[in-house]
Amino acid sequence: MGPVHQSAIPATTEVDVELVLAVDISQSMDRDEQEIQRAGYVAALTSPEVLEAIRFGPIGRIAVTYLEWGGIGEHFVVAEWAVISDMQTAQAFAGKVAEAPLHQKQRTSIASALGQAVTMVQVNEFEGLRKVIDISGDGPNNQGGKVTESRDAALASGITINGLPLMMKNEQNAWQGILHLDHYYEDCVIGGPGAFAIPVRSKEGFADAIRMKLVLEIAGLSPNSDARVMPAAGRERVSCALFD
């Protein structure tokens, strides 16, 4: 009887990145903004730029899931974990996102959403070279404990958190602008190797921001001098516990 060889990780489970798309559905997001958000992800996931980034990865495929979140325990998996490697698999995943009913919840628990996303990464069947949570939201954490503790737990698990602060309302009048939500995400939410946040300041710019963000995440890059990425240096840091 010949030697018994123990197989390593099955090739079908190896991916370039395990990516959780964690999307805010709190009450402050009106229906029009929710629809724009959904459409932006659908368009980005099937765009030539994103598919090219996937194709040129070391393995040539990614694993992705789409999670909507509100307050504590309010998590809705719109599209389960799936592999995207080409247009056909991208369209199949994007179709599930496009066809799912819209939800809306009152509170905003970034802390709870991060905890759920970490669990989803830890229990899936994939083994990614990188693990990323892509979290979008239009407000600070206001329920579920300290957002920094949830962030740090994710980083300790080897997961990078990137942010998409949504500032699509009139920035001079909206509280997102007064709060400097982009600064809040930089100081309190994102973290890990190459972590970045890209503020979305208009409905028209949403799809472009999503597409650029996915390309960077899939390729394992971070923005260099893009004007939409605001450095934390040279400004007063946000008090992360102000809203917890």
# chains A, B, ... in the order shown; residues from 1 in each chain; ligands from 1
call {"tool": "closest_atom_pairs", "arguments": {"of": "stretch 164-226 of chain A", "to": "stretch 11-34 of chain A", "cutoff": "10 Å", "atoms": "only C-alpha atoms", "output": "JSON lines"}}
result
{"residue": "A:Leu164", "atom": "CA", "partner": "A:Val23", "partner_atom": "CA", "distance": 9.2}
{"residue": "A:Pro165", "atom": "CA", "partner": "A:Asp24", "partner_atom": "CA", "distance": 9.9}
{"residue": "A:Leu166", "atom": "CA", "partner": "A:Met29", "partner_atom": "CA", "distance": 9.4}
{"residue": "A:Met168", "atom": "CA", "partner": "A:Glu33", "partner_atom": "CA", "distance": 8.4}
{"residue": "A:Lys169", "atom": "CA", "partner": "A:Glu33", "partner_atom": "CA", "distance": 9.7}
{"residue": "A:Lys203", "atom": "CA", "partner": "A:Glu33", "partner_atom": "CA", "distance": 7.4}
{"residue": "A:Phe206", "atom": "CA", "partner": "A:Glu33", "partner_atom": "CA", "distance": 9.7}
{"residue": "A:Leu214", "atom": "CA", "partner": "A:Leu19", "partner_atom": "CA", "distance": 9.4}
{"residue": "A:Glu217", "atom": "CA", "partner": "A:Val17", "partner_atom": "CA", "distance": 8.2}
{"residue": "A:Ile218", "atom": "CA", "partner": "A:Val17", "partner_atom": "CA", "distance": 6.6}
{"residue": "A:Ala219", "atom": "CA", "partner": "A:Asp16", "partner_atom": "CA", "distance": 8.6}
{"residue": "A:Gly220", "atom": "CA", "partner": "A:Val17", "partner_atom": "CA", "distance": 8.6}
call {"tool": "write_last_selection", "arguments": {"atoms": "C-alpha atoms", "output": "PDB file, in the first residue's frame"}}
result
ATOM      1  CA  LEU A 164     -17.943  53.709   2.628  1.00  0.00           C
ATOM      2  CA  PRO A 165     -19.373  56.661   4.614  1.00  0.00           C
ATOM      3  CA  LEU A 166     -22.501  57.849   2.827  1.00  0.00           C
ATOM      4  CA  MET A 168     -25.172  62.039  -0.125  1.00  0.00           C
ATOM      5  CA  LYS A 169     -27.406  64.693   1.415  1.00  0.00           C
ATOM      6  CA  LYS A 203     -26.101  60.016  -5.473  1.00  0.00           C
ATOM      7  CA  PHE A 206     -22.282  56.301  -5.715  1.00  0.00           C
ATOM      8  CA  LEU A 214     -14.259  46.925  -5.112  1.00  0.00           C
ATOM      9  CA  GLU A 217     -10.228  45.602  -2.398  1.00  0.00           C
ATOM     10  CA  ILE A 218     -10.020  42.760  -4.912  1.00  0.00           C
ATOM     11  CA  ALA A 219      -6.572  43.830  -6.095  1.00  0.00           C
ATOM     12  CA  GLY A 220      -5.338  44.334  -2.521  1.00  0.00           C
TER      13      GLY A 220
END
call {"tool": "residues_around", "arguments": {"residues": "A:Ile159", "least_positions_apart": "3", "cutoff": "7 Å", "atoms": "only C-alpha atoms", "output": "PyMOL selection string"}}
result
chain A and resi 131-132+154-155+192
call {"tool": "closest_residue", "arguments": {"among": "A:Val97, A:Cys240, A:Val83, A:Ala209", "to": "A:Ile54", "atoms": "only C-alpha atoms"}}
result
A:Val83
call {"tool": "residues_around", "arguments": {"residues": "A:Gln116", "least_positions_apart": "2", "cutoff": "10 Å", "atoms": "only C-alpha atoms", "output": "ChimeraX atom specification"}}
result
/A:22,67,69,72-75,110-114,118-122,150
call {"tool": "write_last_selection", "arguments": {"atoms": "N, CA and C atoms", "output": "PDB file, in the first residue's frame"}}
result
ATOM      1  N   ALA A  22     -21.188  44.722   3.660  1.00  0.00           N
ATOM      2  CA  ALA A  22     -22.090  44.983   4.788  1.00  0.00           C
ATOM      3  C   ALA A  22     -22.741  46.352   4.591  1.00  0.00           C
ATOM      4  N   LEU A  67     -24.597  41.470   2.943  1.00  0.00           N
ATOM      5  CA  LEU A  67     -25.283  41.526   4.221  1.00  0.00           C
ATOM      6  C   LEU A  67     -25.875  42.917   4.443  1.00  0.00           C
ATOM      7  N   TRP A  69     -27.783  45.458   7.249  1.00  0.00           N
ATOM      8  CA  TRP A  69     -27.786  45.532   8.707  1.00  0.00           C
ATOM      9  C   TRP A  69     -28.428  46.829   9.195  1.00  0.00           C
ATOM     10  N   ILE A  72     -29.071  46.161  16.657  1.00  0.00           N
ATOM     11  CA  ILE A  72     -28.528  44.934  17.238  1.00  0.00           C
ATOM     12  C   ILE A  72     -29.287  43.719  16.716  1.00  0.00           C
ATOM     13  N   GLY A  73     -28.572  42.770  16.161  1.00  0.00           N
ATOM     14  CA  GLY A  73     -29.175  41.530  15.694  1.00  0.00           C
ATOM     15  C   GLY A  73     -30.021  41.659  14.442  1.00  0.00           C
ATOM     16  N   GLU A  74     -30.090  42.850  13.863  1.00  0.00           N
ATOM     17  CA  GLU A  74     -30.892  43.048  12.653  1.00  0.00           C
ATOM     18  C   GLU A  74     -29.998  42.889  11.426  1.00  0.00           C
ATOM     19  N   HIS A  75     -29.820  41.636  11.040  1.00  0.00           N
ATOM     20  CA  HIS A  75     -28.922  41.294   9.940  1.00  0.00           C
ATOM     21  C   HIS A  75     -29.696  40.473   8.915  1.00  0.00           C
ATOM     22  N   ILE A 110     -23.200  49.639  14.010  1.00  0.00           N
ATOM     23  CA  ILE A 110     -22.007  49.214  13.278  1.00  0.00           C
ATOM     24  C   ILE A 110     -21.301  48.110  14.053  1.00  0.00           C
ATOM     25  N   ALA A 111     -21.314  48.213  15.383  1.00  0.00           N
ATOM     26  CA  ALA A 111     -20.658  47.208  16.226  1.00  0.00           C
ATOM     27  C   ALA A 111     -21.252  45.832  15.997  1.00  0.00           C
ATOM     28  N   SER A 112     -22.582  45.751  15.996  1.00  0.00           N
ATOM     29  CA  SER A 112     -23.250  44.473  15.778  1.00  0.00           C
ATOM     30  C   SER A 112     -23.007  43.957  14.367  1.00  0.00           C
ATOM     31  N   ALA A 113     -23.032  44.853  13.392  1.00  0.00           N
ATOM     32  CA  ALA A 113     -22.796  44.461  11.998  1.00  0.00           C
ATOM     33  C   ALA A 113     -21.402  43.889  11.811  1.00  0.00           C
ATOM     34  N   LEU A 114     -20.410  44.521  12.431  1.00  0.00           N
ATOM     35  CA  LEU A 114     -19.045  44.011  12.324  1.00  0.00           C
ATOM     36  C   LEU A 114     -18.933  42.635  12.969  1.00  0.00           C
ATOM     37  N   VAL A 118     -17.780  39.298  10.935  1.00  0.00           N
ATOM     38  CA  VAL A 118     -16.634  38.482  11.351  1.00  0.00           C
ATOM     39  C   VAL A 118     -17.035  37.013  11.455  1.00  0.00           C
ATOM     40  N   THR A 119     -18.181  36.749  12.072  1.00  0.00           N
ATOM     41  CA  THR A 119     -18.665  35.368  12.182  1.00  0.00           C
ATOM     42  C   THR A 119     -18.862  34.747  10.806  1.00  0.00           C
ATOM     43  N   MET A 120     -19.408  35.505   9.882  1.00  0.00           N
ATOM     44  CA  MET A 120     -19.633  34.987   8.528  1.00  0.00           C
ATOM     45  C   MET A 120     -18.331  34.639   7.827  1.00  0.00           C
ATOM     46  N   VAL A 121     -17.289  35.393   8.094  1.00  0.00           N
ATOM     47  CA  VAL A 121     -15.975  35.070   7.532  1.00  0.00           C
ATOM     48  C   VAL A 121     -15.411  33.811   8.185  1.00  0.00           C
ATOM     49  N   GLN A 122     -15.571  33.705   9.489  1.00  0.00           N
ATOM     50  CA  GLN A 122     -14.958  32.601  10.216  1.00  0.00           C
ATOM     51  C   GLN A 122     -15.603  31.256   9.923  1.00  0.00           C
ATOM     52  N   SER A 150     -15.511  46.221  18.582  1.00  0.00           N
ATOM     53  CA  SER A 150     -15.858  45.322  17.478  1.00  0.00           C
ATOM     54  C   SER A 150     -14.839  45.423  16.356  1.00  0.00           C
TER      55      SER A 150
END
call {"tool": "select_by_dssp", "arguments": {"residues": "stretch 119-159 of chain A", "states": "helix (DSSP H, G or I)", "output": "list in words"}}
result
Thr119, Met120, Val121, Gln122, Val123, Val147, Thr148, Glu149, Ser150, Arg151, Asp152, Ala153, Ala154, Leu155 and Ala156 of chain A
call {"tool": "residues_around", "arguments": {"residues": "stretch 35-48 of chain A", "least_positions_apart": "2", "cutoff": "6 Å", "atoms": "only C-alpha atoms", "output": "NGL selection string"}}
result
:A and (32-33 or 50-52 or 90 or 94 or 207 or 211)
call {"tool": "write_last_selection", "arguments": {"atoms": "C-alpha atoms", "output": "PDB file, in the first residue's frame"}}
result
ATOM      1  CA  ASP A  32     -34.387  56.335  -3.103  1.00  0.00           C
ATOM      2  CA  GLU A  33     -30.975  56.095  -1.427  1.00  0.00           C
ATOM      3  CA  VAL A  50     -14.144  44.583 -11.264  1.00  0.00           C
ATOM      4  CA  LEU A  51     -14.129  41.434 -13.410  1.00  0.00           C
ATOM      5  CA  GLU A  52     -10.676  42.335 -14.721  1.00  0.00           C
ATOM      6  CA  ALA A  90     -21.001  37.823 -11.231  1.00  0.00           C
ATOM      7  CA  ALA A  94     -25.735  40.417  -8.582  1.00  0.00           C
ATOM      8  CA  ALA A 207     -21.793  53.724  -8.471  1.00  0.00           C
ATOM      9  CA  ARG A 211     -16.696  50.246  -8.415  1.00  0.00           C
TER      10      ARG A 211
END
call {"tool": "select_by_dssp", "arguments": {"residues": "stretch 1-209 of chain A", "states": "strand (DSSP E or B)", "output": "ChimeraX atom specification"}}
result
/A:14-24,26,62-69,75-84,105,127-137,160-166,191,197,200
call {"tool": "write_last_selection", "arguments": {"atoms": "C-alpha atoms", "output": "mmCIF file, in the first residue's frame"}}
result
data_model
loop_
_atom_site.group_PDB
_atom_site.id
_atom_site.type_symbol
_atom_site.label_atom_id
_atom_site.label_comp_id
_atom_site.auth_asym_id
_atom_site.auth_seq_id
_atom_site.Cartn_x
_atom_site.Cartn_y
_atom_site.Cartn_z
ATOM 1 C CA GLU A 14 -9.139 28.897 -2.334
ATOM 2 C CA VAL A 15 -9.915 32.491 -3.290
ATOM 3 C CA ASP A 16 -8.031 35.749 -3.536
ATOM 4 C CA VAL A 17 -10.284 37.486 -1.024
ATOM 5 C CA GLU A 18 -13.240 36.696 1.210
ATOM 6 C CA LEU A 19 -15.365 39.845 0.979
ATOM 7 C CA VAL A 20 -18.374 40.774 3.110
ATOM 8 C CA LEU A 21 -20.405 43.626 1.638
ATOM 9 C CA ALA A 22 -22.090 44.983 4.788
ATOM 10 C CA VAL A 23 -24.717 47.542 3.796
ATOM 11 C CA ASP A 24 -26.589 49.985 6.065
ATOM 12 C CA SER A 26 -31.108 52.219 8.862
ATOM 13 C CA ILE A 62 -13.194 35.783 -4.995
ATOM 14 C CA ALA A 63 -15.821 34.753 -2.451
ATOM 15 C CA VAL A 64 -18.431 37.385 -1.628
ATOM 16 C CA THR A 65 -21.599 37.769 0.424
ATOM 17 C CA TYR A 66 -24.057 40.668 0.729
ATOM 18 C CA LEU A 67 -25.283 41.526 4.221
ATOM 19 C CA GLU A 68 -27.762 44.266 5.124
ATOM 20 C CA TRP A 69 -27.786 45.532 8.707
ATOM 21 C CA HIS A 75 -28.922 41.294 9.940
ATOM 22 C CA PHE A 76 -30.277 40.144 6.605
ATOM 23 C CA VAL A 77 -28.156 37.980 4.302
ATOM 24 C CA VAL A 78 -29.401 39.120 0.904
ATOM 25 C CA ALA A 79 -26.962 36.924 -1.040
ATOM 26 C CA GLU A 80 -25.158 33.967 0.538
ATOM 27 C CA TRP A 81 -21.459 33.297 0.045
ATOM 28 C CA ALA A 82 -20.679 32.639 -3.618
ATOM 29 C CA VAL A 83 -17.636 32.503 -5.854
ATOM 30 C CA ILE A 84 -17.255 35.125 -8.558
ATOM 31 C CA LYS A 105 -34.572 49.421 10.373
ATOM 32 C CA GLU A 127 -9.829 30.168 2.458
ATOM 33 C CA GLY A 128 -8.882 33.572 1.141
ATOM 34 C CA LEU A 129 -5.471 35.116 0.802
ATOM 35 C CA ARG A 130 -7.136 38.182 2.331
ATOM 36 C CA LYS A 131 -10.313 38.722 4.340
ATOM 37 C CA VAL A 132 -12.158 42.048 4.038
ATOM 38 C CA ILE A 133 -15.312 43.605 5.456
ATOM 39 C CA ASP A 134 -16.613 46.432 3.272
ATOM 40 C CA ILE A 135 -19.029 48.391 5.473
ATOM 41 C CA SER A 136 -21.171 51.291 4.291
ATOM 42 C CA GLY A 137 -23.325 53.574 6.414
ATOM 43 C CA THR A 160 -9.336 44.269 7.209
ATOM 44 C CA ILE A 161 -12.242 46.722 7.450
ATOM 45 C CA ASN A 162 -12.798 49.288 4.707
ATOM 46 C CA GLY A 163 -15.487 51.961 4.889
ATOM 47 C CA LEU A 164 -17.943 53.709 2.628
ATOM 48 C CA PRO A 165 -19.373 56.661 4.614
ATOM 49 C CA LEU A 166 -22.501 57.849 2.827
ATOM 50 C CA GLY A 191 -8.585 49.217 10.213
ATOM 51 C CA ALA A 197 -12.535 54.835 3.457
ATOM 52 C CA VAL A 200 -19.801 59.140 -1.161
#
call {"tool": "closest_residue", "arguments": {"among": "A:Asn141, A:Gln91, A:Ser222, A:Gln104", "to": "A:Val189", "atoms": "only C-alpha atoms"}}
result
A:Asn141
